[in-house]
Amino acid sequence: MNTRPRLLRGGRIVDPAGGLDTVLDLLIADGKVAAVGAGLEAPEAAEVTDCGGRVVVPGLIDLHVHLREPGGEHKETIATGARAAAAGGYTSVCAMPNTDPVIDSPAMVGFVAAAGRAAGLARVYPVGALSVGQEGERLTEIGELVGAGAVAVTDDGHPVMDSGLMRMALEYAQAFGVPVADHAEDLGLSRRGAMNEGLVSARLGLSGKPNAAEDVHIARDLLVAELTGGHIHLQHVSTRQGVELIRQAKARGVRVTAEATPHHLLLTDDAVDGYRTEAKMNPPLRTEPDRRAVEAGFLDGTLDTLATDHAPHHYDEKEQAFDDAPFGVVGLETALGLMLTHFVASGKMTMVTLVERMSTQPARAFGLPGGTLREGAAADVTVIDPSVRWRVDASEFHSRGLNTPFGGMRLTGRAELTLVDGKAVHGRGGQEGA
């Protein structure tokens, strides 16, 4: 740990958990937030950062990333993914278990946690598999996974089709205080669909996944969560009916949290035109009415967390024919810029609400440290330059994955400095001052 004190001077402190949105100083010592206030004195030997014109927020948290290790290191490693996260302003990420071998044992959970610590960049929290081998047949030993460091369980990438197994998972997970996350997809309806089922898929001659495949599964998950009282976390919601089902369930008091992704907020299935595999993801990009509904749900808090579903692939894999190319896009290094440009700068969302969706609420949803700048909290901090203009260029990514649908887009605002336990794990230069 870097024990040298650090003073972030004169930045706009935005901390929804602490009710702060004002220009103040923030003092870090021994890896913790030591003080927040006006005109703070820099301790002897402190590193001082002039944050004038910058926004200082609790470190961003992504509940849904694929780091590919073990087994897919040609796509990403825990270290490269953690480096990409830090560059994007993320101080914590939750690694999905659909690796090879699957993260379904305490030993595998421990491996991911240890590799994350060894990288020394963004914090890496393992998410354990819900079923053994993610085969959807036998429940994993959830208590042992949590004991080894898992912060949730999911079969992400493999929808849980057995409602009885989902019931058992929600019941057992309650005893250990973790949520059950689910990729909502009825495989009997989606079958081998490569994109959204609709006019665009018909024109391109591609098989499609109908909205109903997601909607039916969301409805099932919500009803089983209501039956058990368990906490269901619905991943990457993409349909208008899905958003409405979640909204109604929240009104009934169901314990549900839910994700929106930047790609479902900003793009539609029109992006697939030209058979662009960089726009192939699961769930697929939907229609404009769906996109608007996801946006409305994100704005009103029905979809209360932003997650990237960062899913890197090797260049050659995405260069295949559309039907053969894998699902997935990267997102850790573009999410903040996209949201600042298209939601905050456009006036759709305040900076306070964005920070709540990208830091405070993710921490609450999975019971993670962070999400606040209160005194005594871990000094996981993101310093944002809200005015810097930049162009998305995948060749500059720290991730091994270059598969972004946002290549060439011009954005305003990004992370300038990322601190974990008060230690700088990413900096773009020019921000240090005396």
# chains A, B, ... in the order shown; residues from 1 in each chain; ligands from 1
call {"tool": "select_by_dssp", "arguments": {"residues": "segment 1-109 of chain A", "states": "alpha helix (DSSP H)", "output": "NGL selection string"}}
result
:A and (78-87 or 106-109)
call {"tool": "write_last_selection", "arguments": {"atoms": "N, CA, C and O atoms", "output": "JSON list (two decimals), in the first residue's frame"}}
result
[["chain", "number", "residue", "atom", "x", "y", "z"],
["A", 78, "ILE", "N", -6.68, -11.63, -16.10],
["A", 78, "ILE", "CA", -7.14, -10.85, -14.95],
["A", 78, "ILE", "C", -6.35, -9.55, -14.86],
["A", 78, "ILE", "O", -6.91, -8.49, -14.58],
["A", 79, "ALA", "N", -5.05, -9.61, -15.13],
["A", 79, "ALA", "CA", -4.22, -8.41, -15.05],
["A", 79, "ALA", "C", -4.56, -7.40, -16.13],
["A", 79, "ALA", "O", -4.68, -6.20, -15.85],
["A", 80, "THR", "N", -4.74, -7.85, -17.39],
["A", 80, "THR", "CA", -5.06, -6.88, -18.45],
["A", 80, "THR", "C", -6.46, -6.31, -18.26],
["A", 80, "THR", "O", -6.69, -5.14, -18.53],
["A", 81, "GLY", "N", -7.38, -7.14, -17.78],
["A", 81, "GLY", "CA", -8.72, -6.64, -17.52],
["A", 81, "GLY", "C", -8.74, -5.63, -16.39],
["A", 81, "GLY", "O", -9.43, -4.60, -16.46],
["A", 82, "ALA", "N", -7.97, -5.91, -15.33],
["A", 82, "ALA", "CA", -7.89, -4.97, -14.22],
["A", 82, "ALA", "C", -7.22, -3.67, -14.65],
["A", 82, "ALA", "O", -7.57, -2.58, -14.16],
["A", 83, "ARG", "N", -6.26, -3.77, -15.57],
["A", 83, "ARG", "CA", -5.61, -2.56, -16.10],
["A", 83, "ARG", "C", -6.59, -1.74, -16.93],
["A", 83, "ARG", "O", -6.64, -0.51, -16.82],
["A", 84, "ALA", "N", -7.39, -2.41, -17.76],
["A", 84, "ALA", "CA", -8.41, -1.71, -18.54],
["A", 84, "ALA", "C", -9.43, -1.05, -17.63],
["A", 84, "ALA", "O", -9.88, 0.08, -17.88],
["A", 85, "ALA", "N", -9.80, -1.77, -16.56],
["A", 85, "ALA", "CA", -10.76, -1.21, -15.61],
["A", 85, "ALA", "C", -10.24, 0.08, -15.00],
["A", 85, "ALA", "O", -10.94, 1.09, -14.94],
["A", 86, "ALA", "N", -8.99, 0.04, -14.53],
["A", 86, "ALA", "CA", -8.40, 1.24, -13.92],
["A", 86, "ALA", "C", -8.36, 2.39, -14.91],
["A", 86, "ALA", "O", -8.64, 3.55, -14.55],
["A", 87, "ALA", "N", -8.03, 2.11, -16.16],
["A", 87, "ALA", "CA", -7.98, 3.16, -17.18],
["A", 87, "ALA", "C", -9.36, 3.75, -17.43],
["A", 87, "ALA", "O", -9.48, 4.93, -17.80],
["A", 106, "PRO", "N", -14.19, -23.55, -4.32],
["A", 106, "PRO", "CA", -13.45, -22.58, -3.52],
["A", 106, "PRO", "C", -12.04, -22.34, -4.06],
["A", 106, "PRO", "O", -11.54, -21.22, -4.02],
["A", 107, "ALA", "N", -11.40, -23.39, -4.59],
["A", 107, "ALA", "CA", -10.05, -23.22, -5.12],
["A", 107, "ALA", "C", -10.03, -22.27, -6.31],
["A", 107, "ALA", "O", -9.13, -21.42, -6.43],
["A", 108, "MET", "N", -11.04, -22.37, -7.18],
["A", 108, "MET", "CA", -11.08, -21.50, -8.35],
["A", 108, "MET", "C", -11.43, -20.06, -7.94],
["A", 108, "MET", "O", -10.89, -19.10, -8.49],
["A", 109, "VAL", "N", -12.33, -19.92, -6.98],
["A", 109, "VAL", "CA", -12.63, -18.57, -6.46],
["A", 109, "VAL", "C", -11.37, -17.96, -5.88],
["A", 109, "VAL", "O", -11.04, -16.79, -6.13]]
call {"tool": "residues_around", "arguments": {"residues": "segment 62-73 of chain A", "least_positions_apart": "5", "cutoff": "8 Å", "atoms": "only C-alpha atoms", "output": "number ranges by chain"}}
result
A: 78, 81, 90, 92-101, 112, 235, 306-312, 358-359, 362, 366
call {"tool": "write_last_selection", "arguments": {"atoms": "N, CA, C and O atoms", "output": "JSON list (two decimals), in the first residue's frame"}}
result
[["chain", "number", "residue", "atom", "x", "y", "z"],
["A", 78, "ILE", "N", -6.68, -11.63, -16.10],
["A", 78, "ILE", "CA", -7.14, -10.85, -14.95],
["A", 78, "ILE", "C", -6.35, -9.55, -14.86],
["A", 78, "ILE", "O", -6.91, -8.49, -14.58],
["A", 81, "GLY", "N", -7.38, -7.14, -17.78],
["A", 81, "GLY", "CA", -8.72, -6.64, -17.52],
["A", 81, "GLY", "C", -8.74, -5.63, -16.39],
["A", 81, "GLY", "O", -9.43, -4.60, -16.46],
["A", 90, "TYR", "N", -12.58, 2.55, -13.17],
["A", 90, "TYR", "CA", -13.13, 1.53, -12.27],
["A", 90, "TYR", "C", -12.10, 1.12, -11.24],
["A", 90, "TYR", "O", -10.96, 0.80, -11.57],
["A", 92, "SER", "N", -13.20, -1.30, -8.88],
["A", 92, "SER", "CA", -13.63, -2.65, -8.54],
["A", 92, "SER", "C", -14.41, -3.26, -9.69],
["A", 92, "SER", "O", -15.24, -2.57, -10.31],
["A", 93, "VAL", "N", -14.15, -4.54, -9.96],
["A", 93, "VAL", "CA", -14.91, -5.26, -10.98],
["A", 93, "VAL", "C", -15.25, -6.64, -10.44],
["A", 93, "VAL", "O", -14.52, -7.21, -9.63],
["A", 94, "CYS", "N", -16.37, -7.18, -10.91],
["A", 94, "CYS", "CA", -16.81, -8.51, -10.51],
["A", 94, "CYS", "C", -16.67, -9.45, -11.69],
["A", 94, "CYS", "O", -17.29, -9.25, -12.74],
["A", 95, "ALA", "N", -15.83, -10.48, -11.53],
["A", 95, "ALA", "CA", -15.46, -11.37, -12.63],
["A", 95, "ALA", "C", -16.43, -12.54, -12.72],
["A", 95, "ALA", "O", -16.62, -13.29, -11.76],
["A", 96, "MET", "N", -17.02, -12.70, -13.90],
["A", 96, "MET", "CA", -17.97, -13.78, -14.14],
["A", 96, "MET", "C", -17.27, -15.14, -14.17],
["A", 96, "MET", "O", -16.09, -15.25, -14.51],
["A", 97, "PRO", "N", -18.03, -16.23, -13.85],
["A", 97, "PRO", "CA", -17.41, -17.54, -13.67],
["A", 97, "PRO", "C", -17.34, -18.42, -14.91],
["A", 97, "PRO", "O", -16.86, -19.56, -14.82],
["A", 98, "ASN", "N", -17.78, -17.94, -16.08],
["A", 98, "ASN", "CA", -17.81, -18.81, -17.26],
["A", 98, "ASN", "C", -16.44, -18.86, -17.93],
["A", 98, "ASN", "O", -16.25, -18.43, -19.06],
["A", 99, "THR", "N", -15.49, -19.40, -17.19],
["A", 99, "THR", "CA", -14.11, -19.58, -17.66],
["A", 99, "THR", "C", -13.88, -21.07, -17.89],
["A", 99, "THR", "O", -14.80, -21.87, -17.80],
["A", 100, "ASP", "N", -12.64, -21.45, -18.17],
["A", 100, "ASP", "CA", -12.32, -22.85, -18.41],
["A", 100, "ASP", "C", -11.06, -23.21, -17.62],
["A", 100, "ASP", "O", -9.95, -22.90, -18.05],
["A", 101, "PRO", "N", -11.15, -23.85, -16.45],
["A", 101, "PRO", "CA", -12.38, -24.40, -15.86],
["A", 101, "PRO", "C", -13.28, -23.33, -15.25],
["A", 101, "PRO", "O", -12.86, -22.21, -14.99],
["A", 112, "VAL", "N", -8.91, -16.67, -8.63],
["A", 112, "VAL", "CA", -9.27, -15.37, -9.21],
["A", 112, "VAL", "C", -8.96, -14.25, -8.24],
["A", 112, "VAL", "O", -8.39, -13.21, -8.62],
["A", 235, "GLN", "N", -29.30, -9.34, -15.08],
["A", 235, "GLN", "CA", -28.17, -8.82, -15.84],
["A", 235, "GLN", "C", -28.62, -8.27, -17.20],
["A", 235, "GLN", "O", -29.60, -8.72, -17.78],
["A", 306, "LEU", "N", -25.30, 0.48, -13.65],
["A", 306, "LEU", "CA", -24.72, 0.41, -14.99],
["A", 306, "LEU", "C", -23.63, -0.66, -14.95],
["A", 306, "LEU", "O", -22.76, -0.63, -14.09],
["A", 307, "ALA", "N", -23.69, -1.61, -15.87],
["A", 307, "ALA", "CA", -22.67, -2.65, -15.97],
["A", 307, "ALA", "C", -22.23, -2.74, -17.43],
["A", 307, "ALA", "O", -23.03, -2.53, -18.34],
["A", 308, "THR", "N", -20.96, -3.03, -17.65],
["A", 308, "THR", "CA", -20.48, -3.05, -19.02],
["A", 308, "THR", "C", -20.68, -4.38, -19.72],
["A", 308, "THR", "O", -20.75, -4.42, -20.94],
["A", 309, "ASP", "N", -20.77, -5.50, -18.98],
["A", 309, "ASP", "CA", -20.72, -6.83, -19.59],
["A", 309, "ASP", "C", -19.51, -6.92, -20.50],
["A", 309, "ASP", "O", -19.57, -7.45, -21.62],
["A", 310, "HIS", "N", -18.38, -6.39, -20.02],
["A", 310, "HIS", "CA", -17.12, -6.39, -20.76],
["A", 310, "HIS", "C", -16.79, -7.82, -21.18],
["A", 310, "HIS", "O", -16.56, -8.69, -20.33],
["A", 311, "ALA", "N", -16.78, -8.07, -22.49],
["A", 311, "ALA", "CA", -16.60, -9.43, -23.01],
["A", 311, "ALA", "C", -15.61, -9.43, -24.16],
["A", 311, "ALA", "O", -15.99, -9.40, -25.33],
["A", 312, "PRO", "N", -14.32, -9.45, -23.84],
["A", 312, "PRO", "CA", -13.30, -9.38, -24.89],
["A", 312, "PRO", "C", -13.17, -10.68, -25.67],
["A", 312, "PRO", "O", -13.32, -11.77, -25.13],
["A", 358, "MET", "N", -23.18, 4.15, -11.07],
["A", 358, "MET", "CA", -21.91, 3.52, -11.43],
["A", 358, "MET", "C", -21.02, 3.21, -10.24],
["A", 358, "MET", "O", -19.98, 2.57, -10.42],
["A", 359, "SER", "N", -21.42, 3.62, -9.03],
["A", 359, "SER", "CA", -20.57, 3.38, -7.87],
["A", 359, "SER", "C", -21.38, 3.04, -6.62],
["A", 359, "SER", "O", -21.26, 1.94, -6.08],
["A", 362, "PRO", "N", -24.05, -0.02, -7.20],
["A", 362, "PRO", "CA", -23.37, -1.31, -7.38],
["A", 362, "PRO", "C", -22.76, -1.85, -6.07],
["A", 362, "PRO", "O", -22.82, -3.05, -5.80],
["A", 366, "PHE", "N", -24.18, -5.63, -4.37],
["A", 366, "PHE", "CA", -23.38, -6.82, -4.11],
["A", 366, "PHE", "C", -22.68, -6.78, -2.75],
["A", 366, "PHE", "O", -21.85, -7.64, -2.45]]
call {"tool": "residues_around", "arguments": {"residues": "segment 197-203 of chain A", "least_positions_apart": "5", "cutoff": "9 Å", "atoms": "only C-alpha atoms", "output": "mmCIF file with N, CA and C atoms, in the first residue's frame"}}
result
data_model
loop_
_atom_site.group_PDB
_atom_site.id
_atom_site.type_symbol
_atom_site.label_atom_id
_atom_site.label_comp_id
_atom_site.auth_asym_id
_atom_site.auth_seq_id
_atom_site.Cartn_x
_atom_site.Cartn_y
_atom_site.Cartn_z
ATOM 1 N N GLY A 208 -32.995 -14.892 -35.464
ATOM 2 C CA GLY A 208 -33.164 -13.890 -34.421
ATOM 3 C C GLY A 208 -33.601 -14.445 -33.081
ATOM 4 N N LYS A 209 -33.347 -13.661 -32.036
ATOM 5 C CA LYS A 209 -33.819 -13.951 -30.684
ATOM 6 C C LYS A 209 -34.967 -12.985 -30.392
ATOM 7 N N PRO A 210 -36.181 -13.487 -30.153
ATOM 8 C CA PRO A 210 -37.302 -12.584 -29.874
ATOM 9 C C PRO A 210 -37.226 -11.991 -28.468
ATOM 10 N N ASN A 211 -37.840 -10.831 -28.292
ATOM 11 C CA ASN A 211 -37.919 -10.230 -26.958
ATOM 12 C C ASN A 211 -38.479 -11.205 -25.932
ATOM 13 N N ASP A 269 -30.600 -2.487 -33.096
ATOM 14 C CA ASP A 269 -30.168 -3.529 -34.025
ATOM 15 C C ASP A 269 -29.777 -2.980 -35.392
ATOM 16 N N ASP A 270 -30.033 -1.717 -35.644
ATOM 17 C CA ASP A 270 -29.539 -1.101 -36.876
ATOM 18 C C ASP A 270 -28.008 -1.142 -36.935
ATOM 19 N N VAL A 272 -26.167 -3.525 -36.490
ATOM 20 C CA VAL A 272 -25.706 -4.787 -37.068
ATOM 21 C C VAL A 272 -25.618 -4.710 -38.593
ATOM 22 N N ASP A 273 -26.262 -3.710 -39.195
ATOM 23 C CA ASP A 273 -26.224 -3.565 -40.654
ATOM 24 C C ASP A 273 -24.801 -3.691 -41.176
ATOM 25 N N ARG A 286 -31.596 -4.351 -29.440
ATOM 26 C CA ARG A 286 -33.022 -4.452 -29.780
ATOM 27 C C ARG A 286 -33.453 -3.273 -30.653
ATOM 28 N N THR A 287 -34.741 -2.981 -30.642
ATOM 29 C CA THR A 287 -35.301 -1.916 -31.471
ATOM 30 C C THR A 287 -35.259 -0.584 -30.732
#
call {"tool": "closest_atom_pairs", "arguments": {"of": "segment 285-324 of chain A", "to": "segment 250-265 of chain A", "cutoff": "7 Å", "atoms": "only C-alpha atoms", "output": "JSON lines"}}
result
{"residue": "A:Leu285", "atom": "CA", "partner": "A:His264", "partner_atom": "CA", "distance": 6.0}
{"residue": "A:Arg291", "atom": "CA", "partner": "A:Leu265", "partner_atom": "CA", "distance": 5.7}
{"residue": "A:Val294", "atom": "CA", "partner": "A:Leu265", "partner_atom": "CA", "distance": 6.1}
{"residue": "A:Glu295", "atom": "CA", "partner": "A:Leu265", "partner_atom": "CA", "distance": 5.6}
{"residue": "A:Phe298", "atom": "CA", "partner": "A:Ala260", "partner_atom": "CA", "distance": 6.5}
{"residue": "A:Leu303", "atom": "CA", "partner": "A:Ala258", "partner_atom": "CA", "distance": 4.8}
{"residue": "A:Asp304", "atom": "CA", "partner": "A:Ala258", "partner_atom": "CA", "distance": 5.8}
{"residue": "A:Thr305", "atom": "CA", "partner": "A:Glu259", "partner_atom": "CA", "distance": 4.9}
{"residue": "A:Leu306", "atom": "CA", "partner": "A:Ala260", "partner_atom": "CA", "distance": 5.1}
{"residue": "A:Ala307", "atom": "CA", "partner": "A:Thr261", "partner_atom": "CA", "distance": 5.2}
{"residue": "A:Thr308", "atom": "CA", "partner": "A:Thr261", "partner_atom": "CA", "distance": 5.3}
call {"tool": "closest_atom_pairs", "arguments": {"of": "segment 43-114 of chain A", "to": "segment 7-29 of chain A", "cutoff": "8 Å", "atoms": "only C-alpha atoms", "output": "Markdown table"}}
result
| residue | atom | partner | partner_atom | distance |
| --- | --- | --- | --- | --- |
| A:Ala46 | CA | A:Leu7 | CA | 6.7 |
| A:Glu47 | CA | A:Leu7 | CA | 6.2 |
| A:Val48 | CA | A:Leu7 | CA | 4.8 |
| A:Thr49 | CA | A:Leu8 | CA | 4.9 |
| A:Asp50 | CA | A:Arg9 | CA | 5.1 |
| A:Cys51 | CA | A:Gly11 | CA | 4.5 |
| A:Gly52 | CA | A:Gly11 | CA | 5.1 |
| A:Gly53 | CA | A:Gly11 | CA | 6.4 |
| A:Arg54 | CA | A:Gly11 | CA | 5.3 |
| A:Val55 | CA | A:Arg12 | CA | 4.7 |
| A:Val56 | CA | A:Ile13 | CA | 4.8 |
| A:Val57 | CA | A:Val14 | CA | 5.2 |
| A:Pro58 | CA | A:Asp15 | CA | 6.5 |
call {"tool": "residues_around", "arguments": {"residues": "Phe322 of chain A", "least_positions_apart": "5", "cutoff": "8 Å", "atoms": "only C-alpha atoms", "output": "PyMOL selection string"}}
result
chain A and resi 194+275-277+280
call {"tool": "closest_atom_pairs", "arguments": {"of": "segment 398-425 of chain A", "to": "segment 372-379 of chain A", "cutoff": "7 Å", "atoms": "only C-alpha atoms", "output": "CSV"}}
result
residue,atom,partner,partner_atom,distance
A:Leu419,CA,A:Ala379,CA,6.9
A:Val420,CA,A:Ala379,CA,6.1
A:Asp421,CA,A:Ala379,CA,4.6
A:Gly422,CA,A:Ala379,CA,4.9
call {"tool": "residues_around", "arguments": {"residues": "Leu145 of chain A", "least_positions_apart": "4", "cutoff": "10 Å", "atoms": "only C-alpha atoms", "output": "PyMOL selection string"}}
result
chain A and resi 103-110+126-130+140-141+149-153+176
call {"tool": "write_last_selection", "arguments": {"atoms": "all heavy atoms", "output": "tab-separated table (two decimals), in the first residue's frame"}}
result
chain	number	residue	atom	x	y	z
A	103	ILE	N	-15.53	-21.29	-12.60
A	103	ILE	CA	-15.29	-20.86	-11.21
A	103	ILE	C	-16.41	-21.42	-10.34
A	103	ILE	O	-17.36	-20.73	-9.94
A	103	ILE	CB	-15.23	-19.32	-11.11
A	103	ILE	CG1	-14.33	-18.72	-12.19
A	103	ILE	CG2	-14.77	-18.90	-9.71
A	103	ILE	CD1	-12.90	-19.20	-12.15
A	104	ASP	N	-16.33	-22.72	-10.05
A	104	ASP	CA	-17.40	-23.40	-9.31
A	104	ASP	C	-16.91	-24.08	-8.04
A	104	ASP	O	-17.64	-24.87	-7.43
A	104	ASP	CB	-18.13	-24.40	-10.20
A	104	ASP	CG	-17.24	-25.54	-10.70
A	104	ASP	OD1	-16.02	-25.51	-10.40
A	104	ASP	OD2	-17.75	-26.44	-11.39
A	105	SER	N	-15.66	-23.79	-7.63
A	105	SER	CA	-15.10	-24.40	-6.42
A	105	SER	C	-14.38	-23.33	-5.62
A	105	SER	O	-13.96	-22.30	-6.17
A	105	SER	CB	-14.11	-25.50	-6.79
A	105	SER	OG	-12.96	-24.95	-7.41
A	106	PRO	N	-14.19	-23.55	-4.32
A	106	PRO	CA	-13.45	-22.58	-3.52
A	106	PRO	C	-12.04	-22.34	-4.06
A	106	PRO	O	-11.54	-21.22	-4.02
A	106	PRO	CB	-13.41	-23.23	-2.13
A	106	PRO	CG	-14.62	-24.10	-2.09
A	106	PRO	CD	-14.78	-24.63	-3.49
A	107	ALA	N	-11.40	-23.39	-4.59
A	107	ALA	CA	-10.05	-23.22	-5.12
A	107	ALA	C	-10.03	-22.27	-6.31
A	107	ALA	O	-9.13	-21.42	-6.43
A	107	ALA	CB	-9.48	-24.59	-5.54
A	108	MET	N	-11.04	-22.37	-7.18
A	108	MET	CA	-11.08	-21.50	-8.35
A	108	MET	C	-11.43	-20.06	-7.94
A	108	MET	O	-10.89	-19.10	-8.49
A	108	MET	CB	-12.08	-22.02	-9.38
A	108	MET	CG	-11.65	-23.33	-10.04
A	108	MET	SD	-9.99	-23.25	-10.75
A	108	MET	CE	-10.17	-21.87	-11.88
A	109	VAL	N	-12.33	-19.92	-6.98
A	109	VAL	CA	-12.63	-18.57	-6.46
A	109	VAL	C	-11.37	-17.96	-5.88
A	109	VAL	O	-11.04	-16.79	-6.13
A	109	VAL	CB	-13.74	-18.64	-5.39
A	109	VAL	CG1	-13.87	-17.31	-4.65
A	109	VAL	CG2	-15.07	-19.03	-6.02
A	110	GLY	N	-10.62	-18.75	-5.11
A	110	GLY	CA	-9.38	-18.26	-4.53
A	110	GLY	C	-8.35	-17.89	-5.57
A	110	GLY	O	-7.60	-16.91	-5.40
A	126	PRO	N	-14.37	-12.19	-7.30
A	126	PRO	CA	-14.89	-13.35	-8.03
A	126	PRO	C	-16.39	-13.52	-7.81
A	126	PRO	O	-16.91	-13.29	-6.71
A	126	PRO	CB	-14.13	-14.53	-7.42
A	126	PRO	CG	-13.06	-13.94	-6.54
A	126	PRO	CD	-13.53	-12.58	-6.16
A	127	VAL	N	-17.08	-13.91	-8.87
A	127	VAL	CA	-18.47	-14.35	-8.78
A	127	VAL	C	-18.47	-15.85	-9.05
A	127	VAL	O	-17.92	-16.30	-10.06
A	127	VAL	CB	-19.36	-13.61	-9.79
A	127	VAL	CG1	-20.79	-14.15	-9.75
A	127	VAL	CG2	-19.36	-12.11	-9.50
A	128	GLY	N	-19.05	-16.62	-8.14
A	128	GLY	CA	-19.03	-18.07	-8.28
A	128	GLY	C	-20.15	-18.57	-9.17
A	128	GLY	O	-21.18	-17.90	-9.36
A	129	ALA	N	-19.96	-19.75	-9.73
A	129	ALA	CA	-21.00	-20.37	-10.55
A	129	ALA	C	-22.17	-20.80	-9.68
A	129	ALA	O	-21.99	-21.23	-8.53
A	129	ALA	CB	-20.44	-21.56	-11.30
A	130	LEU	N	-23.36	-20.73	-10.24
A	130	LEU	CA	-24.57	-21.17	-9.53
A	130	LEU	C	-24.66	-22.69	-9.56
A	130	LEU	O	-25.03	-23.32	-8.56
A	130	LEU	CB	-25.79	-20.53	-10.18
A	130	LEU	CG	-27.17	-20.79	-9.57
A	130	LEU	CD1	-28.09	-19.61	-9.85
A	130	LEU	CD2	-27.80	-22.06	-10.12
A	140	THR	N	-24.01	-25.51	-6.78
A	140	THR	CA	-22.68	-25.47	-6.19
A	140	THR	C	-22.79	-25.31	-4.67
A	140	THR	O	-23.86	-25.02	-4.13
A	140	THR	CB	-21.85	-24.30	-6.74
A	140	THR	OG1	-22.61	-23.08	-6.57
A	140	THR	CG2	-21.52	-24.49	-8.21
A	141	GLU	N	-21.67	-25.48	-3.99
A	141	GLU	CA	-21.63	-25.27	-2.54
A	141	GLU	C	-21.48	-23.76	-2.31
A	141	GLU	O	-20.38	-23.24	-2.15
A	141	GLU	CB	-20.46	-26.03	-1.93
A	141	GLU	CG	-20.57	-27.54	-2.03
A	141	GLU	CD	-21.67	-28.10	-1.13
A	141	GLU	OE1	-22.14	-27.37	-0.23
A	141	GLU	OE2	-22.05	-29.27	-1.32
A	149	GLY	N	-14.47	-16.13	-1.00
A	149	GLY	CA	-14.40	-14.77	-1.53
A	149	GLY	C	-15.39	-14.42	-2.60
A	149	GLY	O	-15.39	-13.28	-3.10
A	150	ALA	N	-16.28	-15.33	-2.99
A	150	ALA	CA	-17.29	-15.00	-4.00
A	150	ALA	C	-18.29	-13.99	-3.44
A	150	ALA	O	-18.72	-14.11	-2.29
A	150	ALA	CB	-18.03	-16.25	-4.46
A	151	VAL	N	-18.67	-13.01	-4.25
A	151	VAL	CA	-19.58	-11.96	-3.79
A	151	VAL	C	-20.99	-12.14	-4.33
A	151	VAL	O	-21.91	-11.39	-3.98
A	151	VAL	CB	-19.05	-10.56	-4.17
A	151	VAL	CG1	-17.73	-10.28	-3.48
A	151	VAL	CG2	-18.90	-10.41	-5.69
A	152	ALA	N	-21.19	-13.13	-5.21
A	152	ALA	CA	-22.49	-13.45	-5.78
A	152	ALA	C	-22.34	-14.79	-6.49
A	152	ALA	O	-21.22	-15.32	-6.62
A	152	ALA	CB	-22.95	-12.38	-6.77
A	153	VAL	N	-23.46	-15.35	-6.94
A	153	VAL	CA	-23.40	-16.55	-7.78
A	153	VAL	C	-24.23	-16.32	-9.03
A	153	VAL	O	-25.24	-15.60	-9.01
A	153	VAL	CB	-23.90	-17.82	-7.04
A	153	VAL	CG1	-22.94	-18.19	-5.92
A	153	VAL	CG2	-25.32	-17.64	-6.53
A	176	PHE	N	-26.23	-16.79	3.09
A	176	PHE	CA	-24.85	-16.30	3.04
A	176	PHE	C	-24.78	-14.84	2.60
A	176	PHE	O	-23.69	-14.30	2.40
A	176	PHE	CB	-24.03	-17.19	2.10
A	176	PHE	CG	-24.08	-18.64	2.50
A	176	PHE	CD1	-24.89	-19.53	1.82
A	176	PHE	CD2	-23.37	-19.08	3.60
A	176	PHE	CE1	-24.97	-20.86	2.21
A	176	PHE	CE2	-23.44	-20.41	4.00
A	176	PHE	CZ	-24.25	-21.30	3.31
call {"tool": "residues_around", "arguments": {"residues": "Ala345 of chain A", "least_positions_apart": "2", "cutoff": "12 Å", "atoms": "only C-alpha atoms", "output": "JSON, numbers by chain"}}
result
{"A": [336, 337, 338, 339, 340, 341, 342, 343, 347, 348, 349, 350, 351, 354, 386, 387, 411, 412, 413]}
call {"tool": "write_last_selection", "arguments": {"atoms": "C-alpha atoms", "output": "mmCIF file, in the first residue's frame"}}
result
data_model
loop_
_atom_site.group_PDB
_atom_site.id
_atom_site.type_symbol
_atom_site.label_atom_id
_atom_site.label_comp_id
_atom_site.auth_asym_id
_atom_site.auth_seq_id
_atom_site.Cartn_x
_atom_site.Cartn_y
_atom_site.Cartn_z
ATOM 1 C CA LEU A 336 -17.685 6.441 -18.436
ATOM 2 C CA GLY A 337 -17.049 8.586 -21.499
ATOM 3 C CA LEU A 338 -20.213 7.334 -23.174
ATOM 4 C CA MET A 339 -22.342 8.103 -20.133
ATOM 5 C CA LEU A 340 -20.790 11.520 -19.540
ATOM 6 C CA THR A 341 -21.328 12.460 -23.181
ATOM 7 C CA HIS A 342 -24.777 11.030 -23.844
ATOM 8 C CA PHE A 343 -26.417 11.322 -20.423
ATOM 9 C CA GLY A 347 -28.873 16.929 -19.594
ATOM 10 C CA LYS A 348 -30.677 13.586 -19.355
ATOM 11 C CA MET A 349 -29.014 12.720 -16.039
ATOM 12 C CA THR A 350 -27.171 14.608 -13.322
ATOM 13 C CA MET A 351 -23.604 13.767 -12.371
ATOM 14 C CA LEU A 354 -24.670 8.817 -12.735
ATOM 15 C CA PRO A 386 -15.468 16.246 -17.629
ATOM 16 C CA SER A 387 -14.304 18.462 -20.481
ATOM 17 C CA LEU A 411 -16.649 11.622 -26.555
ATOM 18 C CA THR A 412 -16.295 14.274 -23.876
ATOM 19 C CA GLY A 413 -15.072 13.343 -20.400
#
call {"tool": "atom_distance", "arguments": {"atom1": "atom CA of Asp316 of chain A", "atom2": "atom CA of Gly205 of chain A"}}
result
23.0 Å
call {"tool": "select_by_dssp", "arguments": {"residues": "segment 130-328 of chain A", "states": "strand (DSSP E)", "output": "VMD selection string"}}
result
chain A and resid 153 to 154 180 to 182 195 to 196 208 to 209 232 to 234 256 to 260 305 to 306
call {"tool": "closest_residue", "arguments": {"among": "A:His314, A:Gly89, A:Gln248, A:Thr268", "to": "Arg428 of chain A", "atoms": "only C-alpha atoms"}}
result
A:Gly89
